[in-house]
$ cat structure_13.cif   # mmCIF, C-alpha atoms
data_data
#
loop_
_atom_site.label_atom_id
_atom_site.label_comp_id
_atom_site.auth_asym_id
_atom_site.auth_seq_id
_atom_site.Cartn_x
_atom_site.Cartn_y
_atom_site.Cartn_z
CA MET F 1 -14.07 -22.55 -13.66
CA ALA F 2 -10.32 -22.19 -13.71
CA GLY F 3 -8.28 -19.53 -15.44
CA PHE F 4 -8.17 -16.32 -13.46
CA ASP F 5 -11.18 -17.09 -11.29
CA LYS F 6 -9.93 -16.88 -7.69
CA VAL F 7 -13.19 -17.60 -5.88
CA VAL F 8 -13.23 -20.42 -3.35
CA SER F 9 -16.38 -21.56 -1.61
CA SER F 10 -15.29 -22.36 1.95
CA TYR F 11 -13.01 -20.86 4.57
CA GLU F 12 -11.41 -24.27 4.95
CA GLU F 13 -10.40 -24.13 1.30
CA ALA F 14 -9.34 -20.49 1.65
CA MET F 15 -6.75 -21.30 4.33
CA ALA F 16 -5.74 -24.75 3.04
CA GLY F 17 -2.00 -25.33 3.23
CA LEU F 18 -1.41 -23.13 6.29
CA GLU F 19 0.93 -25.11 8.52
CA ASP F 20 2.56 -24.76 11.91
CA ASN F 21 5.45 -22.26 12.13
CA MET F 22 4.52 -20.35 8.99
CA THR F 23 4.51 -16.54 8.66
CA VAL F 24 1.16 -14.83 8.15
CA ILE F 25 0.86 -11.18 7.14
CA ALA F 26 -2.47 -9.63 8.05
CA GLY F 27 -4.12 -6.40 6.90
CA GLY F 28 -6.05 -4.12 9.24
CA PHE F 29 -5.55 -1.21 11.62
CA GLY F 30 -6.89 -1.80 15.09
CA LEU F 31 -10.08 -3.72 14.35
CA CYS F 32 -10.74 -1.74 11.17
CA GLY F 33 -10.44 -3.71 7.94
CA ILE F 34 -9.25 -6.92 9.57
CA PRO F 35 -9.83 -10.26 7.85
CA GLU F 36 -11.97 -11.42 10.74
CA ASN F 37 -13.28 -14.67 9.27
CA LEU F 38 -9.89 -15.78 7.97
CA ILE F 39 -8.53 -15.25 11.49
CA SER F 40 -11.41 -17.34 12.87
CA GLU F 41 -10.51 -20.08 10.41
CA ILE F 42 -6.90 -20.09 11.67
CA LYS F 43 -8.29 -20.48 15.19
CA ARG F 44 -10.52 -23.34 14.07
CA LYS F 45 -7.62 -25.08 12.31
CA GLY F 46 -5.51 -24.78 15.45
CA THR F 47 -2.34 -23.94 13.53
CA LYS F 48 0.47 -23.19 15.99
CA GLY F 49 3.87 -21.51 16.16
CA LEU F 50 2.84 -18.76 13.76
CA THR F 51 4.78 -15.59 13.15
CA VAL F 52 2.15 -12.93 12.60
CA VAL F 53 2.92 -9.60 10.95
CA SER F 54 0.19 -7.04 11.59
CA ASN F 55 0.03 -3.45 12.79
CA ASN F 56 -1.89 -4.56 15.92
CA CYS F 57 -2.95 -7.79 17.58
CA GLY F 58 -6.69 -7.37 18.05
CA VAL F 59 -8.52 -7.40 21.38
CA ASP F 60 -9.17 -10.28 23.76
CA ASP F 61 -12.15 -11.76 21.94
CA PHE F 62 -11.87 -10.33 18.43
CA GLY F 63 -9.35 -10.15 15.66
CA LEU F 64 -5.88 -11.66 16.07
CA GLY F 65 -6.42 -11.67 19.85
CA ILE F 66 -8.48 -14.86 19.49
CA LEU F 67 -5.35 -16.75 18.44
CA LEU F 68 -3.66 -16.02 21.78
CA PRO F 69 -5.49 -18.29 24.29
CA ASP F 70 -4.40 -21.46 22.45
CA ARG F 71 -0.88 -20.06 22.03
CA GLN F 72 -1.11 -20.15 18.23
CA ILE F 73 1.15 -17.11 17.80
CA LYS F 74 4.84 -17.57 18.57
CA LYS F 75 5.95 -14.15 17.43
CA ILE F 76 4.25 -10.93 16.42
CA VAL F 77 5.72 -8.09 14.39
CA ALA F 78 3.61 -4.99 15.07
CA SER F 79 3.79 -1.25 15.73
CA TYR F 80 1.31 -1.04 18.62
CA VAL F 81 0.07 -3.83 20.82
CA GLY F 82 -1.28 -4.53 24.25
CA GLU F 83 -4.95 -3.71 23.72
CA ASN F 84 -5.75 -7.04 25.35
CA ALA F 85 -5.04 -8.69 28.68
CA GLU F 86 -3.94 -12.09 27.40
CA PHE F 87 -1.42 -10.44 25.07
CA GLU F 88 0.04 -8.52 27.98
CA ARG F 89 0.23 -11.63 30.12
CA GLN F 90 2.00 -13.68 27.42
CA MET F 91 4.39 -10.86 26.58
CA MET F 92 5.33 -10.25 30.23
CA ALA F 93 5.76 -14.00 30.80
CA GLY F 94 8.08 -14.23 27.80
CA GLU F 95 5.73 -16.69 26.10
CA LEU F 96 5.18 -14.43 23.12
CA GLU F 97 7.96 -12.79 21.16
CA VAL F 98 7.14 -9.21 20.17
CA GLU F 99 9.11 -7.29 17.55
CA LEU F 100 7.99 -3.67 17.74
CA THR F 101 8.36 -1.98 14.38
CA PRO F 102 7.56 1.64 13.52
CA GLN F 103 4.28 1.82 11.64
CA GLY F 104 5.71 3.39 8.48
CA THR F 105 8.61 0.95 8.47
CA LEU F 106 6.15 -1.93 8.83
CA ALA F 107 4.10 -0.71 5.87
CA GLU F 108 7.23 -0.20 3.79
CA LYS F 109 8.57 -3.65 4.75
CA MET F 110 5.41 -5.20 3.34
CA ARG F 111 5.48 -3.01 0.25
CA ALA F 112 9.15 -3.80 -0.37
CA GLY F 113 8.60 -7.50 0.26
CA GLY F 114 5.82 -7.58 -2.28
CA ALA F 115 7.84 -5.56 -4.81
CA GLY F 116 10.97 -7.74 -4.72
CA ILE F 117 13.04 -5.16 -2.86
CA PRO F 118 15.02 -7.03 -0.17
CA ALA F 119 15.70 -4.06 2.13
CA PHE F 120 15.61 -0.28 2.25
CA TYR F 121 17.19 2.61 4.14
CA THR F 122 15.07 4.82 6.35
CA ALA F 123 15.72 7.59 8.87
CA THR F 124 12.91 6.20 11.04
CA GLY F 125 14.34 4.55 14.13
CA TYR F 126 17.89 5.83 13.72
CA GLY F 127 19.47 6.26 17.16
CA THR F 128 16.65 4.32 18.87
CA PRO F 129 16.28 0.74 20.12
CA VAL F 130 14.88 -0.15 16.67
CA ALA F 131 18.32 0.48 15.12
CA GLU F 132 20.09 -2.13 17.27
CA GLY F 133 22.00 -4.60 15.11
CA LYS F 134 21.10 -2.84 11.89
CA GLU F 135 23.45 -1.35 9.31
CA GLU F 136 23.69 2.44 9.44
CA ARG F 137 24.61 4.57 6.47
CA GLU F 138 24.80 8.27 5.73
CA PHE F 139 23.22 9.86 2.66
CA ASN F 140 23.48 13.62 2.05
CA GLY F 141 24.60 14.24 5.62
CA ARG F 142 21.78 12.31 7.27
CA LYS F 143 21.88 8.93 9.01
CA TYR F 144 19.68 6.02 7.95
CA ILE F 145 19.23 2.41 8.99
CA LEU F 146 18.80 -0.61 6.74
CA GLU F 147 15.48 -2.37 7.24
CA PRO F 148 14.83 -5.78 5.68
CA ALA F 149 11.62 -6.41 3.75
CA ILE F 150 8.96 -8.86 4.92
CA THR F 151 7.22 -11.59 2.97
CA GLY F 152 4.79 -14.18 4.31
CA ASP F 153 3.83 -17.75 3.53
CA PHE F 154 0.29 -16.42 3.67
CA ALA F 155 -1.22 -12.96 3.52
CA ILE F 156 -4.76 -12.52 4.83
CA VAL F 157 -6.64 -9.50 3.55
CA LYS F 158 -10.04 -7.87 3.90
CA ALA F 159 -11.37 -5.85 0.96
CA TRP F 160 -14.77 -4.37 0.28
CA LYS F 161 -15.52 -5.54 -3.23
CA ALA F 162 -13.84 -7.80 -5.72
CA ASP F 163 -14.49 -9.27 -9.11
CA ARG F 164 -13.94 -12.99 -9.66
CA TYR F 165 -10.41 -12.33 -10.95
CA GLY F 166 -9.47 -10.91 -7.55
CA ASN F 167 -9.31 -7.27 -8.55
CA LEU F 168 -9.93 -5.47 -5.28
CA VAL F 169 -11.57 -2.29 -4.07
CA PHE F 170 -11.22 -1.21 -0.44
CA ARG F 171 -13.54 1.03 1.51
CA LYS F 172 -12.49 4.13 3.49
CA THR F 173 -9.85 3.61 6.17
CA ALA F 174 -10.43 -0.14 6.11
CA ARG F 175 -7.83 -0.03 3.32
CA ASN F 176 -4.81 0.67 5.61
CA PHE F 177 -2.31 -2.22 5.46
CA ASN F 178 -4.49 -4.48 3.30
CA PRO F 179 -3.16 -3.60 -0.19
CA LEU F 180 0.42 -3.95 1.11
CA ALA F 181 -0.24 -7.28 2.80
CA ALA F 182 -1.87 -8.48 -0.43
CA THR F 183 1.40 -8.06 -2.33
CA ALA F 184 3.61 -9.75 0.24
CA GLY F 185 2.09 -13.22 0.63
CA LYS F 186 3.23 -16.33 -1.24
CA ILE F 187 -0.43 -17.24 -0.98
CA THR F 188 -2.70 -14.22 -0.64
CA VAL F 189 -6.20 -14.93 0.59
CA VAL F 190 -8.80 -12.18 0.43
CA GLU F 191 -12.25 -12.02 1.98
CA VAL F 192 -14.76 -9.48 0.73
CA GLU F 193 -18.27 -8.20 1.29
CA GLU F 194 -19.30 -8.49 -2.34
CA ILE F 195 -18.08 -10.36 -5.41
CA VAL F 196 -19.10 -9.00 -8.79
CA GLU F 197 -18.68 -10.37 -12.28
CA VAL F 198 -15.51 -9.64 -14.22
CA GLY F 199 -15.86 -6.38 -16.10
CA GLU F 200 -18.15 -4.76 -13.57
CA LEU F 201 -15.37 -2.90 -11.74
CA ASP F 202 -14.00 0.17 -13.46
CA PRO F 203 -10.31 -0.65 -14.15
CA ASP F 204 -9.40 2.91 -13.14
CA GLN F 205 -10.94 2.38 -9.72
CA ILE F 206 -9.23 -0.89 -8.77
CA HIS F 207 -6.91 -0.51 -5.77
CA THR F 208 -5.24 -3.93 -5.91
CA PRO F 209 -4.96 -5.80 -9.22
CA GLY F 210 -5.89 -9.48 -9.15
CA ILE F 211 -2.34 -10.62 -9.96
CA TYR F 212 -1.56 -10.45 -6.23
CA VAL F 213 -4.57 -12.51 -5.19
CA ASN F 214 -4.63 -16.31 -5.05
CA ARG F 215 -7.89 -17.04 -3.29
CA LEU F 216 -11.03 -15.02 -2.84
CA ILE F 217 -13.98 -15.71 -0.58
CA LEU F 218 -17.26 -13.97 0.15
CA GLY F 219 -17.78 -13.33 3.84
CA SER F 220 -20.08 -11.60 6.28
CA PHE F 221 -18.53 -9.29 8.82
CA GLU F 222 -19.16 -8.10 12.34
CA LYS F 223 -16.91 -5.01 11.88
CA ARG F 224 -16.53 -4.31 15.56
CA ILE F 225 -15.71 -0.71 16.55
CA GLU F 226 -12.88 -0.22 19.05
CA GLN F 227 -13.49 3.41 20.07
CA ARG F 228 -17.04 4.55 19.40
CA THR F 229 -16.85 8.35 19.50
CA VAL F 230 -19.82 10.49 18.56
CA ARG F 231 -20.95 14.08 18.60
CA PRO F 232 -24.53 15.08 19.36
CA ALA F 233 -26.72 15.26 16.26
CA HIS F 234 -27.63 18.94 16.76
CA SER F 235 -24.00 20.13 16.67
CA ALA F 236 -23.62 19.43 12.94
CA MET H 1 -0.25 29.72 36.30
CA ALA H 2 0.68 26.63 34.39
CA LEU H 3 -1.30 26.16 31.21
CA SER H 4 -4.22 23.73 31.12
CA ARG H 5 -4.34 21.03 28.45
CA GLU H 6 -6.78 23.20 26.51
CA GLN H 7 -4.49 26.23 26.73
CA ILE H 8 -1.54 24.20 25.46
CA ALA H 9 -3.69 23.14 22.50
CA GLN H 10 -4.78 26.76 22.00
CA ARG H 11 -1.19 27.99 21.91
CA VAL H 12 -0.19 25.31 19.40
CA ALA H 13 -3.13 26.33 17.22
CA GLN H 14 -1.57 29.80 16.92
CA GLU H 15 1.27 28.13 14.98
CA LEU H 16 -1.13 26.85 12.29
CA LYS H 17 -1.00 28.54 8.92
CA ASP H 18 -3.52 28.65 6.12
CA GLY H 19 -3.08 25.66 3.82
CA TYR H 20 -1.16 23.53 6.32
CA TYR H 21 -1.34 19.73 6.26
CA VAL H 22 -1.11 18.74 9.92
CA ASN H 23 -0.67 15.49 11.83
CA LEU H 24 -1.90 15.56 15.43
CA GLY H 25 -0.83 12.89 17.89
CA ILE H 26 -3.01 11.33 20.56
CA GLY H 27 -3.78 13.30 23.74
CA ILE H 28 -3.26 17.07 23.98
CA PRO H 29 -2.29 17.34 20.28
CA THR H 30 -5.74 16.03 19.29
CA LEU H 31 -7.32 19.00 21.10
CA VAL H 32 -5.54 21.41 18.73
CA ALA H 33 -8.24 20.63 16.15
CA ASN H 34 -10.74 22.45 18.39
CA TYR H 35 -8.83 25.74 18.14
CA VAL H 36 -8.13 26.13 14.42
CA PRO H 37 -8.61 29.86 13.69
CA GLU H 38 -11.78 30.47 11.68
CA ASP H 39 -10.05 32.45 8.95
CA ILE H 40 -7.67 29.67 7.90
CA GLU H 41 -7.99 26.21 6.39
CA VAL H 42 -5.93 23.27 7.59
CA MET H 43 -6.21 19.61 6.63
CA LEU H 44 -5.64 16.91 9.23
CA GLN H 45 -3.65 13.81 8.31
CA SER H 46 -4.42 10.60 10.15
CA GLU H 47 -1.67 8.05 9.62
CA ASN H 48 -3.99 5.09 9.20
CA GLY H 49 -4.75 6.48 5.75
CA LEU H 50 -6.91 9.59 5.78
CA LEU H 51 -6.08 13.13 4.72
CA GLY H 52 -8.91 15.49 5.57
CA MET H 53 -10.16 14.11 8.86
CA GLY H 54 -13.50 15.55 9.93
CA GLN H 55 -15.22 15.76 13.29
CA PHE H 56 -16.66 12.83 15.20
CA PRO H 57 -19.74 11.32 13.56
CA THR H 58 -23.28 11.65 14.84
CA GLU H 59 -24.83 8.36 15.98
CA ASP H 60 -26.34 7.99 12.49
CA GLU H 61 -23.08 8.66 10.69
CA ILE H 62 -20.95 6.04 12.52
CA ASP H 63 -19.05 3.90 10.05
CA ALA H 64 -16.83 1.03 11.27
CA ASP H 65 -14.70 1.50 8.14
CA LEU H 66 -13.83 5.08 9.02
CA ILE H 67 -11.55 5.64 12.00
CA ASN H 68 -8.58 7.79 12.95
CA ALA H 69 -5.14 6.75 14.19
CA GLY H 70 -6.53 6.61 17.74
CA LYS H 71 -9.06 4.05 16.45
CA GLN H 72 -11.90 6.48 17.12
CA THR H 73 -14.79 6.73 14.69
CA VAL H 74 -14.50 9.93 12.63
CA THR H 75 -15.89 11.54 9.49
CA MET H 76 -14.22 12.89 6.37
CA ALA H 77 -13.92 16.59 5.69
CA THR H 78 -14.88 17.91 2.26
CA GLY H 79 -11.94 17.28 -0.06
CA ALA H 80 -10.64 14.31 1.93
CA SER H 81 -8.66 11.47 0.40
CA ILE H 82 -8.02 7.88 1.45
CA PHE H 83 -4.89 5.81 0.86
CA ASP H 84 -3.00 2.81 2.15
CA SER H 85 -0.49 2.83 5.01
CA ALA H 86 2.62 2.95 2.80
CA GLU H 87 1.26 5.98 0.96
CA SER H 88 0.38 7.57 4.30
CA PHE H 89 3.91 7.19 5.55
CA ALA H 90 5.33 8.37 2.23
CA MET H 91 3.61 11.66 3.10
CA ILE H 92 5.08 11.62 6.57
CA ARG H 93 8.56 10.27 5.82
CA GLY H 94 8.83 12.25 2.60
CA GLY H 95 8.43 15.49 4.54
CA HIS H 96 5.12 16.49 2.97
CA VAL H 97 3.30 17.17 6.24
CA ASP H 98 3.70 20.82 7.25
CA LEU H 99 3.30 20.46 11.00
CA THR H 100 3.39 17.52 13.37
CA VAL H 101 2.28 17.84 16.99
CA LEU H 102 2.98 15.04 19.43
CA GLY H 103 3.52 14.32 23.08
CA ALA H 104 6.63 13.07 24.90
CA PHE H 105 7.92 11.76 28.24
CA GLU H 106 11.28 13.52 27.85
CA VAL H 107 13.06 15.85 25.45
CA ASP H 108 16.71 16.84 25.71
CA SER H 109 18.83 19.78 24.63
CA MET H 110 20.21 17.79 21.67
CA GLY H 111 16.70 17.52 20.23
CA ASN H 112 16.30 13.88 21.23
CA ILE H 113 12.83 12.67 22.16
CA ALA H 114 11.64 9.75 24.30
CA SER H 115 7.93 9.10 24.03
CA TYR H 116 7.03 5.44 23.65
CA MET H 117 8.63 3.23 26.23
CA ILE H 118 9.25 3.12 29.96
CA PRO H 119 11.41 0.07 30.71
CA GLY H 120 9.78 -2.24 33.23
CA LYS H 121 6.32 -0.96 32.41
CA LEU H 122 4.06 -2.36 29.73
CA ILE H 123 5.44 -1.51 26.32
CA LYS H 124 2.68 -0.89 23.84
CA GLY H 125 4.78 0.27 20.94
CA MET H 126 5.73 3.34 18.99
CA GLY H 127 2.92 3.22 16.43
CA GLY H 128 3.76 5.95 13.93
CA ALA H 129 5.70 8.21 16.32
CA MET H 130 9.19 7.20 15.14
CA ASP H 131 8.20 7.85 11.53
CA LEU H 132 6.66 11.20 12.42
CA VAL H 133 9.68 12.52 14.31
CA ALA H 134 12.14 11.27 11.69
CA GLY H 135 10.14 12.48 8.72
CA ALA H 136 8.79 15.86 9.72
CA ASP H 137 10.81 19.06 9.81
CA ASN H 138 8.33 21.18 11.69
CA ILE H 139 7.46 19.39 14.91
CA ILE H 140 5.99 20.80 18.11
CA VAL H 141 6.25 18.58 21.17
CA THR H 142 3.60 19.22 23.79
CA MET H 143 4.25 17.97 27.31
CA THR H 144 4.30 18.92 30.95
CA HIS H 145 7.51 20.68 31.94
CA ALA H 146 8.14 18.44 34.94
CA SER H 147 6.69 15.40 36.67
CA LYS H 148 4.20 15.70 39.54
CA HIS H 149 7.20 15.35 41.84
CA GLY H 150 8.94 18.32 40.25
CA VAL H 151 11.43 16.29 38.21
CA SER H 152 12.31 18.06 34.95
CA LYS H 153 11.41 16.42 31.66
CA LEU H 154 13.60 18.84 29.69
CA LEU H 155 16.98 17.24 30.13
CA ASN H 156 20.62 17.35 29.17
CA GLN H 157 20.18 13.81 27.98
CA CYS H 158 17.06 11.67 27.75
CA THR H 159 17.08 8.77 30.21
CA LEU H 160 14.40 6.69 28.46
CA PRO H 161 14.81 4.83 25.15
CA LEU H 162 14.60 7.30 22.27
CA THR H 163 11.81 7.68 19.74
CA GLY H 164 14.04 9.87 17.60
CA LYS H 165 17.49 11.41 17.67
CA GLY H 166 18.23 15.08 17.10
CA CYS H 167 14.86 15.80 15.52
CA ILE H 168 13.01 18.11 17.91
CA LYS H 169 13.30 21.90 17.56
CA LYS H 170 10.20 23.22 19.33
CA VAL H 171 8.72 22.28 22.70
CA LEU H 172 5.61 23.71 24.31
CA THR H 173 5.07 22.83 27.94
CA ASP H 174 2.56 23.98 30.52
CA LEU H 175 5.14 26.61 31.54
CA ALA H 176 7.02 27.70 28.46
CA PHE H 177 7.50 27.69 24.71
CA MET H 178 11.09 26.85 23.80
CA GLU H 179 13.26 26.32 20.79
CA ILE H 180 16.12 23.82 20.77
CA LYS H 181 19.25 24.83 18.89
CA GLU H 182 22.98 24.39 19.27
CA GLY H 183 22.50 21.97 22.17
CA LYS H 184 20.47 24.39 24.30
CA PHE H 185 16.88 25.21 25.14
CA HIS H 186 16.06 28.79 24.18
CA LEU H 187 13.16 30.33 26.08
CA LEU H 188 10.76 32.03 23.67
CA GLU H 189 7.63 32.61 25.76
CA ARG H 190 6.35 31.87 29.21
CA ALA H 191 2.88 30.94 30.39
CA PRO H 192 0.93 33.90 31.83
CA GLY H 193 1.92 34.47 35.43
CA VAL H 194 4.79 32.00 35.36
CA SER H 195 8.12 33.52 36.36
CA ILE H 196 11.43 32.83 34.67
CA ASP H 197 12.68 31.47 37.98
CA ASP H 198 9.88 28.88 38.00
CA ILE H 199 10.95 27.75 34.54
CA VAL H 200 14.66 27.70 35.38
CA LYS H 201 14.01 25.57 38.46
CA LEU H 202 12.19 22.92 36.46
CA THR H 203 14.53 22.83 33.44
CA GLU H 204 17.50 20.50 33.78
CA GLY H 205 18.93 21.13 30.31
CA GLU H 206 20.85 24.35 29.62
CA LEU H 207 18.39 27.20 29.17
CA VAL H 208 19.16 30.37 27.27
CA ILE H 209 17.09 33.28 28.57
CA PRO H 210 16.84 36.42 26.45
CA ASP H 211 16.43 39.84 28.06
CA HIS H 212 12.76 39.92 27.33
CA VAL H 213 10.59 36.80 27.54
CA PRO H 214 7.00 37.67 26.62
CA GLU H 215 4.00 36.01 28.20
CA MET H 216 1.90 33.90 25.88
CA LEU H 217 -1.16 35.63 24.53
CA PHE H 218 -4.53 33.93 24.29
#

$ encode --input "structure_13.cif" --output "structure tokens"
Amino acid sequence: MAGFDKVVSSYEEAMAGLEDNMTVIAGGFGLCGIPENLISEIKRKGTKGLTVVSNNCGVDDFGLGILLPDRQIKKIVASYVGENAEFERQMMAGELEVELTPQGTLAEKMRAGGAGIPAFYTATGYGTPVAEGKEEREFNGRKYILEPAITGDFAIVKAWKADRYGNLVFRKTARNFNPLAATAGKITVVEVEEIVEVGELDPDQIHTPGIYVNRLILGSFEKRIEQRTVRPAHSA
Amino acid sequence: MALSREQIAQRVAQELKDGYYVNLGIGIPTLVANYVPEDIEVMLQSENGLLGMGQFPTEDEIDADLINAGKQTVTMATGASIFDSAESFAMIRGGHVDLTVLGAFEVDSMGNIASYMIPGKLIKGMGGAMDLVAGADNIIVTMTHASKHGVSKLLNQCTLPLTGKGCIKKVLTDLAFMEIKEGKFHLLERAPGVSIDDIVKLTEGELVIPDHVPEMLF
């Protein structure tokens, strides 16, 4: 079936066309809502020299961290990194380029990139190392810096549910950067826990409309937890 | 006596007002949630996309799709909402959050803050801290007044790379509560049993001392 049906049947097909030195934008916060199987497929393909844009870079054996041992990532744009030993080693050795970007600026860069806005002014980072080399401008007595938008050759996204047209629904805080990443990829690939028939999702409840989505695949997920914190049952 | 981490959190909690939307940073600021007065309602914003953060889950309630900005599993309070990261930072950068509490390595008398990077050591990144300090009007920085070696962290000029410029107005340390204005630290309160001399000795930046400096009340 063609038309608006975005469903593909293999991860190989989902990531077809990803080549060395491309830019990949990934959704997720920590290990929450990461497109874990799409990342595994990039590892399997062995694509190298990638620029990866993602809030974090996974841990040693899960998430984007699994792309590090084979040196598949050339550069990472992120707000918070270093949750894994191999990342630290490569960064300290100068083998991995790291562009630290404030979290809100990173989100806005994706949003702007996906919305056709080439750059925006923000007060975030003014007067800090982030402002180096960037245009500064004053509005209403306050200083701002110009931040360029980000787009990617690919965006890899994890959603909860989708219909076959690629209309997406996210679940809880697994939403995070995913809807923004979805807008900013030339080819946006989404993996989900459930695919329903067109018409089954309430149009009012769709978080990301299918227009942003090029490929959709049904996956199964480990959903690893980074910081398992609990309270005793009786203290409810 | 210098305040404990819990006492710092307790003192910050006294600044909470009914109906406040609050963002708490990692570390001491997180503890503030334990001391919200019972007669007021506040809603906690977690910058990964949750307004109305609840307590930690029980073992049965753990949900991998529900974490806070420290990547800890959490629950949602009644009336919570969920949104994407751009929306979350629209709240923060748009000045909609009533109070932000975060930690720092150094603060100076011009209201500059350094909190994310020590050159030569591993740099993990600023996360949302630069957005929070640039976007919020009402910020309380919680920190120790001086290093273990007695070196002041309240300076004339920050020595570390900045997280934000000219954006800090209130600092609560283990020794004192201060306001920053007109290029000076103004002493508002001191920790119980801490003398003004103790505070003066450990404050490098210019310190304005009023005639009466009350002890903090707990």

$ closest_residue --input "structure_13.cif" --among "H:Gly95, H:Pro37, H:Gly52, H:Gly127" --to "chain F" --atoms "only C-alpha atoms"
H:Gly127

$ resolve_selection --input "structure_13.cif" --expression "the PyMOL selection byres ((chain F) within 9 of (chain H))" --output "JSON, numbers by chain"
{"F": [29, 30, 31, 32, 33, 55, 78, 79, 80, 81, 82, 83, 88, 92, 100, 101, 102, 103, 104, 105, 106, 107, 108, 110, 111, 122, 123, 124, 125, 126, 127, 128, 129, 130, 171, 172, 173, 174, 175, 176, 177, 178, 179, 180, 223, 224, 225, 226, 227, 228, 229, 230, 231, 232, 233, 234, 235, 236]}

$ resolve_selection --input "structure_13.cif" --expression "the PyMOL selection byres ((chain F and resi 40-54) around 7)" --output "ChimeraX atom specification"
/F:11-12,19-27,36-39,55-57,67,71-78

$ closest_residue --input "structure_13.cif" --among "H:Val107, H:Val36, H:Val171, H:Met1" --to "H:Asp198" --atoms "only C-alpha atoms"
H:Met1

$ residues_around --input "structure_13.cif" --residues "H:Pro214" --least-positions-apart "2" --cutoff "7 Å" --atoms "only C-alpha atoms" --output "PyMOL selection string"
chain H and resi 189-190+212+216

$ resolve_selection --input "structure_13.cif" --expression "the PyMOL selection byres ((chain F and resi 200-212) around 12)" --output "short mmCIF file (atom, residue, chain, number, x, y, z; two decimals) with C-alpha atoms, keeping the file's coordinate frame"
data_model
loop_
_atom_site.label_atom_id
_atom_site.label_comp_id
_atom_site.auth_asym_id
_atom_site.auth_seq_id
_atom_site.Cartn_x
_atom_site.Cartn_y
_atom_site.Cartn_z
CA PHE F 4 -8.17 -16.32 -13.46
CA ASP F 5 -11.18 -17.09 -11.29
CA LYS F 6 -9.93 -16.88 -7.69
CA VAL F 7 -13.19 -17.60 -5.88
CA GLY F 114 5.82 -7.58 -2.28
CA ALA F 115 7.84 -5.56 -4.81
CA PHE F 154 0.29 -16.42 3.67
CA ALA F 155 -1.22 -12.96 3.52
CA ILE F 156 -4.76 -12.52 4.83
CA VAL F 157 -6.64 -9.50 3.55
CA LYS F 158 -10.04 -7.87 3.90
CA ALA F 159 -11.37 -5.85 0.96
CA TRP F 160 -14.77 -4.37 0.28
CA LYS F 161 -15.52 -5.54 -3.23
CA ALA F 162 -13.84 -7.80 -5.72
CA ASP F 163 -14.49 -9.27 -9.11
CA ARG F 164 -13.94 -12.99 -9.66
CA TYR F 165 -10.41 -12.33 -10.95
CA GLY F 166 -9.47 -10.91 -7.55
CA ASN F 167 -9.31 -7.27 -8.55
CA LEU F 168 -9.93 -5.47 -5.28
CA VAL F 169 -11.57 -2.29 -4.07
CA PHE F 170 -11.22 -1.21 -0.44
CA ARG F 171 -13.54 1.03 1.51
CA LYS F 172 -12.49 4.13 3.49
CA ARG F 175 -7.83 -0.03 3.32
CA ASN F 176 -4.81 0.67 5.61
CA PHE F 177 -2.31 -2.22 5.46
CA ASN F 178 -4.49 -4.48 3.30
CA PRO F 179 -3.16 -3.60 -0.19
CA LEU F 180 0.42 -3.95 1.11
CA ALA F 181 -0.24 -7.28 2.80
CA ALA F 182 -1.87 -8.48 -0.43
CA THR F 183 1.40 -8.06 -2.33
CA ALA F 184 3.61 -9.75 0.24
CA GLY F 185 2.09 -13.22 0.63
CA LYS F 186 3.23 -16.33 -1.24
CA ILE F 187 -0.43 -17.24 -0.98
CA THR F 188 -2.70 -14.22 -0.64
CA VAL F 189 -6.20 -14.93 0.59
CA VAL F 190 -8.80 -12.18 0.43
CA GLU F 194 -19.30 -8.49 -2.34
CA ILE F 195 -18.08 -10.36 -5.41
CA VAL F 196 -19.10 -9.00 -8.79
CA GLU F 197 -18.68 -10.37 -12.28
CA VAL F 198 -15.51 -9.64 -14.22
CA GLY F 199 -15.86 -6.38 -16.10
CA VAL F 213 -4.57 -12.51 -5.19
CA ASN F 214 -4.63 -16.31 -5.05
CA ARG F 215 -7.89 -17.04 -3.29
CA LEU F 216 -11.03 -15.02 -2.84
CA ILE H 82 -8.02 7.88 1.45
CA PHE H 83 -4.89 5.81 0.86
CA ASP H 84 -3.00 2.81 2.15
#

$ atom_distance --input "structure_13.cif" --atom1 "atom CA of H:Glu182" --atom2 "atom CA of H:Glu206"
10.6 Å

$ residues_around --input "structure_13.cif" --residues "H:Ala2" --least-positions-apart "4" --cutoff "12 Å" --atoms "all atoms listed in the file" --output "ChimeraX atom specification"
/H:6-8,143-146,172-177,190-195,198-199,215-216

$ atom_distance --input "structure_13.cif" --atom1 "atom CA of F:Glu86" --atom2 "atom CA of F:Gly65"
8.0 Å

$ atom_distance --input "structure_13.cif" --atom1 "atom CA of H:Gly19" --atom2 "atom CA of H:Ile140"
17.6 Å

$ closest_residue --input "structure_13.cif" --among "H:Ile196, H:Val213, H:Leu202, H:Ile180" --to "H:Val151" --atoms "all atoms listed in the file"
H:Leu202

$ axis_aligned_box --input "structure_13.cif" --around "stretch 111-116 of chain F" --padding-each-side "6 Å" --output "lines of an AutoDock Vina configuration file"
center_x = 8.2
center_y = -5.4
center_z = -2.3
size_x = 17.5
size_y = 16.7
size_z = 17.1

$ residues_around --input "structure_13.cif" --residues "H:Thr142" --least-positions-apart "6" --cutoff "12 Å" --atoms "all atoms listed in the file" --output "number ranges by chain"
H: 3-13, 24-32, 100-107, 113, 115, 153-154, 168-178

$ residues_around --input "structure_13.cif" --residues "F:Ser10" --least-positions-apart "3" --cutoff "8 Å" --atoms "all atoms listed in the file" --output "list of chain:residue names"
F:Glu13, F:Ala14, F:Ile217

$ write_last_selection --input "structure_13.cif" --atoms "C-alpha atoms" --output "CSV table (one decimal), in the frame of the given file"
chain,number,residue,atom,x,y,z
F,13,GLU,CA,-10.4,-24.1,1.3
F,14,ALA,CA,-9.3,-20.5,1.6
F,217,ILE,CA,-14.0,-15.7,-0.6
